[in-house]
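Q: Quick one, protein_3.tsv (TSV, C-alpha atoms):
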```
chain	number	residue	atom	x	y	z
D	1	MET	CA	15.62	-12.24	13.77
D	2	PRO	CA	18.19	-9.53	14.38
D	3	PRO	CA	18.16	-8.10	17.91
D	4	GLU	CA	18.49	-4.47	16.76
D	5	PRO	CA	15.32	-2.32	16.69
D	6	CYS	CA	13.28	-2.56	13.52
D	7	PRO	CA	12.58	0.78	11.79
D	8	VAL	CA	9.10	-0.34	10.70
D	9	VAL	CA	8.09	-1.39	14.20
D	10	GLU	CA	9.41	1.89	15.64
D	11	THR	CA	7.43	3.91	13.10
D	12	ALA	CA	4.29	1.86	13.82
D	13	ARG	CA	4.79	2.50	17.53
D	14	ILE	CA	4.75	6.28	16.95
D	15	VAL	CA	1.90	6.54	14.49
D	16	SER	CA	-0.48	4.20	16.25
D	17	GLY	CA	-0.58	6.16	19.52
D	18	LYS	CA	-4.16	7.15	20.23
D	19	TRP	CA	-3.74	10.92	20.50
D	20	THR	CA	-0.65	11.18	18.32
D	21	LEU	CA	-2.70	10.39	15.26
D	22	VAL	CA	-5.29	13.10	15.79
D	23	LEU	CA	-2.61	15.61	16.75
D	24	LEU	CA	-0.70	14.83	13.55
D	25	ARG	CA	-3.91	15.23	11.57
D	26	ASP	CA	-4.65	18.63	13.10
D	27	LEU	CA	-1.10	19.92	12.89
D	28	ALA	CA	-0.67	18.69	9.31
D	29	ALA	CA	-3.00	21.56	8.38
D	30	GLY	CA	-0.77	24.17	10.08
D	31	SER	CA	0.18	25.61	13.47
D	32	ARG	CA	-2.37	25.33	16.23
D	33	ARG	CA	-2.77	26.91	19.66
D	34	PHE	CA	-3.30	24.78	22.73
D	35	SER	CA	-6.94	25.84	23.01
D	36	GLU	CA	-7.59	24.99	19.34
D	37	LEU	CA	-6.18	21.49	19.83
D	38	GLU	CA	-8.19	21.06	23.00
D	39	ARG	CA	-11.39	21.97	21.15
D	40	SER	CA	-10.56	19.68	18.24
D	41	LEU	CA	-9.65	16.68	20.41
D	42	ARG	CA	-13.00	16.44	22.15
D	43	GLY	CA	-12.80	14.67	25.43
D	44	ILE	CA	-9.09	15.10	26.00
D	45	SER	CA	-8.22	16.64	29.38
D	46	PRO	CA	-5.86	19.67	29.38
D	47	ARG	CA	-3.41	17.61	31.43
D	48	THR	CA	-3.38	14.71	28.93
D	49	LEU	CA	-3.07	17.09	25.97
D	50	SER	CA	-0.18	18.85	27.65
D	51	THR	CA	1.58	15.54	28.40
D	52	ARG	CA	1.12	14.27	24.82
D	53	LEU	CA	2.38	17.51	23.33
D	54	LYS	CA	5.42	17.47	25.60
D	55	ALA	CA	6.19	13.87	24.63
D	56	LEU	CA	5.93	14.76	20.93
D	57	GLU	CA	8.17	17.77	21.53
D	58	GLU	CA	10.72	15.50	23.20
D	59	GLU	CA	10.56	13.11	20.25
D	60	GLY	CA	11.21	16.10	17.97
D	61	ILE	CA	7.90	15.73	16.14
D	62	VAL	CA	6.24	18.90	17.41
D	63	GLU	CA	7.76	22.34	18.01
D	64	ARG	CA	6.38	24.71	20.62
D	65	THR	CA	6.75	28.43	19.99
D	66	VAL	CA	5.96	31.15	22.52
D	67	HIS	CA	5.05	34.53	21.02
D	68	GLY	CA	5.35	37.64	23.18
D	69	GLY	CA	2.30	39.55	24.37
D	70	VAL	CA	-0.03	39.52	27.29
D	71	PRO	CA	-1.07	36.79	27.64
D	72	PRO	CA	1.70	35.08	25.61
D	73	ARG	CA	0.48	33.04	22.65
D	74	VAL	CA	1.76	29.48	22.38
D	75	ASP	CA	1.76	27.71	19.01
D	76	TYR	CA	2.42	24.07	18.18
D	77	THR	CA	3.83	23.19	14.76
D	78	LEU	CA	5.08	19.99	13.12
D	79	THR	CA	8.84	19.79	12.65
D	80	ASP	CA	10.39	18.21	9.54
D	81	LYS	CA	10.43	14.91	11.40
D	82	GLY	CA	6.71	15.32	12.07
D	83	ARG	CA	5.79	16.46	8.57
D	84	HIS	CA	7.48	13.42	7.04
D	85	LEU	CA	5.13	11.18	9.03
D	86	VAL	CA	1.96	12.65	7.56
D	87	PRO	CA	2.01	10.96	4.11
D	88	ILE	CA	2.76	7.62	5.78
D	89	VAL	CA	-0.17	8.01	8.15
D	90	GLU	CA	-2.38	8.94	5.19
D	91	ALA	CA	-1.24	5.87	3.22
D	92	MET	CA	-1.94	3.68	6.25
D	93	ARG	CA	-5.36	5.26	6.66
D	94	GLU	CA	-6.23	4.67	3.00
D	95	TYR	CA	-4.97	1.09	3.16
D	96	GLY	CA	-6.88	0.33	6.35
D	97	ALA	CA	-10.08	1.91	5.06
D	98	ARG	CA	-9.93	0.06	1.75
D	99	TRP	CA	-8.58	-3.34	2.75
D	100	LEU	CA	-9.16	-3.86	6.45
D	101	LEU	CA	-12.38	-2.16	7.52
D	102	THR	CA	-14.66	-3.01	4.62
D	103	GLY	CA	-16.79	-6.11	4.28
W	1	MET	CA	-12.36	9.46	20.57
W	2	PRO	CA	-14.72	7.50	18.33
W	3	PRO	CA	-15.27	3.89	19.39
W	4	GLU	CA	-15.03	2.48	15.84
W	5	PRO	CA	-11.72	0.87	14.79
W	6	CYS	CA	-9.11	3.24	13.39
W	7	PRO	CA	-7.78	2.29	9.94
W	8	VAL	CA	-4.29	3.53	10.81
W	9	VAL	CA	-4.10	1.46	13.99
W	10	GLU	CA	-5.37	-1.63	12.15
W	11	THR	CA	-2.73	-1.22	9.44
W	12	ALA	CA	-0.01	-0.72	12.07
W	13	ARG	CA	-1.19	-3.90	13.81
W	14	ILE	CA	-0.68	-5.92	10.61
W	15	VAL	CA	2.62	-4.50	9.45
W	16	SER	CA	4.36	-4.52	12.80
W	17	GLY	CA	4.00	-8.27	13.37
W	18	LYS	CA	7.45	-9.81	13.81
W	19	TRP	CA	7.31	-12.43	11.06
W	20	THR	CA	4.76	-10.66	8.88
W	21	LEU	CA	7.32	-8.04	7.97
W	22	VAL	CA	9.98	-10.45	6.78
W	23	LEU	CA	7.39	-12.56	4.96
W	24	LEU	CA	6.11	-9.45	3.16
W	25	ARG	CA	9.69	-8.53	2.27
W	26	ASP	CA	10.41	-11.97	0.80
W	27	LEU	CA	7.09	-12.30	-1.03
W	28	ALA	CA	7.31	-8.76	-2.43
W	29	ALA	CA	10.04	-10.16	-4.69
W	30	GLY	CA	7.77	-12.92	-6.04
W	31	SER	CA	6.27	-16.32	-5.20
W	32	ARG	CA	8.15	-18.48	-2.73
W	33	ARG	CA	7.99	-22.12	-1.71
W	34	PHE	CA	7.67	-23.09	1.92
W	35	SER	CA	11.26	-24.35	2.02
W	36	GLU	CA	12.58	-21.08	0.52
W	37	LEU	CA	10.78	-19.04	3.16
W	38	GLU	CA	12.05	-21.36	5.87
W	39	ARG	CA	15.63	-20.87	4.70
W	40	SER	CA	15.21	-17.11	4.43
W	41	LEU	CA	13.61	-16.69	7.88
W	42	ARG	CA	16.48	-18.20	9.79
W	43	GLY	CA	15.46	-19.51	13.14
W	44	ILE	CA	11.75	-19.83	12.44
W	45	SER	CA	10.34	-23.28	13.21
W	46	PRO	CA	8.33	-24.99	10.45
W	47	ARG	CA	5.35	-24.98	12.79
W	48	THR	CA	5.56	-21.21	13.40
W	49	LEU	CA	6.07	-20.49	9.71
W	50	SER	CA	3.08	-22.62	8.84
W	51	THR	CA	0.92	-20.87	11.45
W	52	ARG	CA	1.96	-17.39	10.28
W	53	LEU	CA	1.36	-18.25	6.62
W	54	LYS	CA	-2.06	-19.65	7.46
W	55	ALA	CA	-2.95	-16.48	9.41
W	56	LEU	CA	-1.87	-14.30	6.47
W	57	GLU	CA	-3.89	-16.50	4.14
W	58	GLU	CA	-6.92	-16.04	6.37
W	59	GLU	CA	-6.39	-12.28	6.35
W	60	GLY	CA	-6.27	-12.45	2.53
W	61	ILE	CA	-2.71	-11.14	2.34
W	62	VAL	CA	-1.06	-14.31	1.08
W	63	GLU	CA	-2.35	-16.86	-1.43
W	64	ARG	CA	-1.34	-20.52	-1.30
W	65	THR	CA	-1.22	-22.43	-4.58
W	66	VAL	CA	-0.73	-26.17	-4.87
W	67	HIS	CA	0.79	-27.32	-8.17
W	68	GLY	CA	0.32	-30.94	-9.24
W	69	GLY	CA	3.23	-33.36	-9.33
W	70	VAL	CA	4.93	-35.78	-6.98
W	71	PRO	CA	5.63	-34.39	-4.50
W	72	PRO	CA	3.18	-31.48	-5.06
W	73	ARG	CA	4.77	-28.03	-5.11
W	74	VAL	CA	3.24	-25.38	-2.85
W	75	ASP	CA	3.81	-21.68	-3.62
W	76	TYR	CA	2.98	-18.62	-1.54
W	77	THR	CA	2.23	-15.35	-3.31
W	78	LEU	CA	1.05	-11.91	-2.18
W	79	THR	CA	-2.54	-11.06	-3.09
W	80	ASP	CA	-3.56	-7.54	-4.16
W	81	LYS	CA	-4.27	-6.79	-0.51
W	82	GLY	CA	-0.75	-7.92	0.37
W	83	ARG	CA	0.96	-6.11	-2.49
W	84	HIS	CA	-0.65	-2.81	-1.52
W	85	LEU	CA	1.02	-3.09	1.89
W	86	VAL	CA	4.55	-3.24	0.52
W	87	PRO	CA	5.06	0.47	-0.38
W	88	ILE	CA	3.67	1.46	3.03
W	89	VAL	CA	6.07	-0.87	4.81
W	90	GLU	CA	8.92	0.55	2.72
W	91	ALA	CA	7.93	4.13	3.56
W	92	MET	CA	7.78	3.22	7.26
W	93	ARG	CA	11.16	1.55	7.02
W	94	GLU	CA	12.72	4.62	5.37
W	95	TYR	CA	11.12	6.94	7.89
W	96	GLY	CA	12.24	4.85	10.85
W	97	ALA	CA	15.78	4.49	9.53
W	98	ARG	CA	16.12	8.20	8.82
W	99	TRP	CA	14.29	9.79	11.72
W	100	LEU	CA	14.05	7.27	14.54
W	101	LEU	CA	17.11	5.06	14.59
W	102	THR	CA	19.86	7.59	13.86
W	103	GLY	CA	21.71	9.62	16.40
```
Is it possible to give me this structure as structure tokens?
A:
Amino acid sequence: MPPEPCPVVETARIVSGKWTLVLLRDLAAGSRRFSELERSLRGISPRTLSTRLKALEEEGIVERTVHGGVPPRVDYTLTDKGRHLVPIVEAMREYGARWLLTG
Amino acid sequence: MPPEPCPVVETARIVSGKWTLVLLRDLAAGSRRFSELERSLRGISPRTLSTRLKALEEEGIVERTVHGGVPPRVDYTLTDKGRHLVPIVEAMREYGARWLLTG
């Protein structure tokens, strides 16, 4: 086996993260505010959500936009790099549901 | 998070296995004999190859066919369940190569 990183394994590593998946699902539908994500991801603590969003920002998958106003509004949006993941995640979900999780 | 297994995570688990990927790649092109796979997967031991093929057979991804003759010829072929994985693996490979492994 070649020692260089495998693109398939790297992609699997990203999309199989526990919260990454649900964040991708929510953001695939459009921009979301922090509080909307928090409500949608029941059970996530604000600290964990903030850490996950920051990690996805650093990976270039999510973009954070601050809009002026008092209080300022903060939106999270998928970047191109994030949007290109969505159809792959959907294909994996369909495959898993059809071939792996059925009797 | 729901306690039931996630179809995306299950699919990622299958496709990110070290030898599974190269076996899928080889078998996507058509049936292969054991010796052909052994040659293609440089460095794999016959015992490891045999174990991986048996595991994929048990998961219903690979089908083993014994043809009569002396010595008998044994072919490995992707099942429907295996063939449906190939485009997903390709999409993950393209994504990883474009978005994850480039500067």
Q: Compile a residue-level contact table for chain D against chain W at a cut-off of 10 Å, reporting for every qualifying residue the shortest atom pair and its distance in Å to one decimal, with all atoms listed in the file counted, rows ordered by chain and ascending number, as a tab-separated table.
A:
```
residue	atom	partner	partner_atom	distance
D:Met1	CA	W:Arg42	CA	7.2
D:Pro2	CA	W:Arg42	CA	10.0
D:Glu4	CA	W:Leu101	CA	9.9
D:Pro5	CA	W:Leu101	CA	7.9
D:Cys6	CA	W:Gly96	CA	7.9
D:Pro7	CA	W:Gly96	CA	4.2
D:Val8	CA	W:Arg93	CA	4.6
D:Val9	CA	W:Ser16	CA	5.1
D:Glu10	CA	W:Gly96	CA	6.3
D:Thr11	CA	W:Gly96	CA	5.4
D:Ala12	CA	W:Ala12	CA	5.3
D:Arg13	CA	W:Ala12	CA	8.0
D:Ile14	CA	W:Leu100	CA	9.7
D:Val15	CA	W:Val8	CA	7.8
D:Ser16	CA	W:Val9	CA	5.1
D:Gly17	CA	W:Val9	CA	8.1
D:Lys18	CA	W:Val9	CA	8.4
D:Trp19	CA	W:Met1	CA	8.7
D:Leu21	CA	W:Val8	CA	8.3
D:Val22	CA	W:Met1	CA	9.3
D:Leu41	CA	W:Met1	CA	7.7
D:Arg42	CA	W:Met1	CA	7.2
D:Gly43	CA	W:Met1	CA	7.1
D:Ile44	CA	W:Met1	CA	8.5
D:Glu59	CA	W:Leu100	CA	8.9
D:Gly60	CA	W:Trp99	CA	9.4
D:Ile61	CA	W:Trp99	CA	9.8
D:Asp80	CA	W:Trp99	CA	9.5
D:Lys81	CA	W:Trp99	CA	6.4
D:Gly82	CA	W:Trp99	CA	9.4
D:His84	CA	W:Tyr95	CA	7.5
D:Leu85	CA	W:Tyr95	CA	7.4
D:Pro87	CA	W:Ala91	CA	9.1
D:Ile88	CA	W:Ala91	CA	6.6
D:Val89	CA	W:Val8	CA	6.6
D:Glu90	CA	W:Val8	CA	8.0
D:Ala91	CA	W:Ile88	CA	6.6
D:Met92	CA	W:Val8	CA	5.1
D:Arg93	CA	W:Val8	CA	4.6
D:Glu94	CA	W:Pro7	CA	7.5
D:Tyr95	CA	W:Thr11	CA	7.1
D:Gly96	CA	W:Pro7	CA	4.2
D:Ala97	CA	W:Pro7	CA	5.4
D:Arg98	CA	W:Pro7	CA	8.8
D:Trp99	CA	W:Lys81	CA	6.4
D:Leu100	CA	W:Glu10	CA	7.2
D:Leu101	CA	W:Pro7	CA	6.8
```
Q: Looking at W:Gly30, W:Thr20, W:Arg83, W:Pro72, which one is nearest to W:Leu56, with distances taken over only C-alpha atoms?
A: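 Using only C-alpha atoms, W:Leu56 sits closest to W:Thr20.
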Q: Give me, please, the distance in Å between atom CA of D:Arg64 and atom CA of D:Ser50, quoted to one decimal.
A: 11.3 Å
Q: Rounded to one decimal in Å, what is the spacing between atom CA of D:Ala28 and atom CA of D:Thr79?
A: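 For atom CA of D:Ala28 relative to atom CA of D:Thr79, the distance reads 10.1 Å.
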Q: N, CA and C atoms are what I want for stretch 22-34 of chain W; can you complete it accordingly and write them as an mmCIF file, in the frame of the given file?
A:
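The resulting result-v5.cif:
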```
data_model
loop_
_atom_site.group_PDB
_atom_site.id
_atom_site.type_symbol
_atom_site.label_atom_id
_atom_site.label_comp_id
_atom_site.auth_asym_id
_atom_site.auth_seq_id
_atom_site.Cartn_x
_atom_site.Cartn_y
_atom_site.Cartn_z
ATOM 1 N N VAL W 22 8.982 -9.755 7.604
ATOM 2 C CA VAL W 22 9.980 -10.450 6.780
ATOM 3 C C VAL W 22 9.307 -11.286 5.697
ATOM 4 N N LEU W 23 8.122 -11.822 5.998
ATOM 5 C CA LEU W 23 7.390 -12.560 4.960
ATOM 6 C C LEU W 23 6.978 -11.623 3.828
ATOM 7 N N LEU W 24 6.486 -10.432 4.190
ATOM 8 C CA LEU W 24 6.110 -9.450 3.160
ATOM 9 C C LEU W 24 7.336 -9.082 2.315
ATOM 10 N N ARG W 25 8.452 -8.875 2.984
ATOM 11 C CA ARG W 25 9.690 -8.530 2.270
ATOM 12 C C ARG W 25 10.050 -9.611 1.260
ATOM 13 N N ASP W 26 10.038 -10.869 1.698
ATOM 14 C CA ASP W 26 10.410 -11.970 0.800
ATOM 15 C C ASP W 26 9.408 -12.108 -0.342
ATOM 16 N N LEU W 27 8.115 -12.047 -0.009
ATOM 17 C CA LEU W 27 7.090 -12.300 -1.030
ATOM 18 C C LEU W 27 6.915 -11.102 -1.970
ATOM 19 N N ALA W 28 7.362 -9.922 -1.538
ATOM 20 C CA ALA W 28 7.310 -8.760 -2.430
ATOM 21 C C ALA W 28 8.152 -9.011 -3.677
ATOM 22 N N ALA W 29 9.163 -9.864 -3.560
ATOM 23 C CA ALA W 29 10.040 -10.160 -4.690
ATOM 24 C C ALA W 29 9.469 -11.237 -5.603
ATOM 25 N N GLY W 30 8.386 -11.887 -5.203
ATOM 26 C CA GLY W 30 7.770 -12.920 -6.040
ATOM 27 C C GLY W 30 7.337 -14.123 -5.218
ATOM 28 N N SER W 31 6.732 -15.106 -5.890
ATOM 29 C CA SER W 31 6.270 -16.320 -5.200
ATOM 30 C C SER W 31 7.433 -17.050 -4.546
ATOM 31 N N ARG W 32 7.134 -17.689 -3.437
ATOM 32 C CA ARG W 32 8.150 -18.480 -2.730
ATOM 33 C C ARG W 32 7.563 -19.804 -2.292
ATOM 34 N N ARG W 33 8.410 -20.837 -2.292
ATOM 35 C CA ARG W 33 7.990 -22.120 -1.710
ATOM 36 C C ARG W 33 8.211 -22.085 -0.207
ATOM 37 N N PHE W 34 7.531 -23.002 0.465
ATOM 38 C CA PHE W 34 7.670 -23.090 1.920
ATOM 39 C C PHE W 34 9.137 -23.219 2.327
#
```
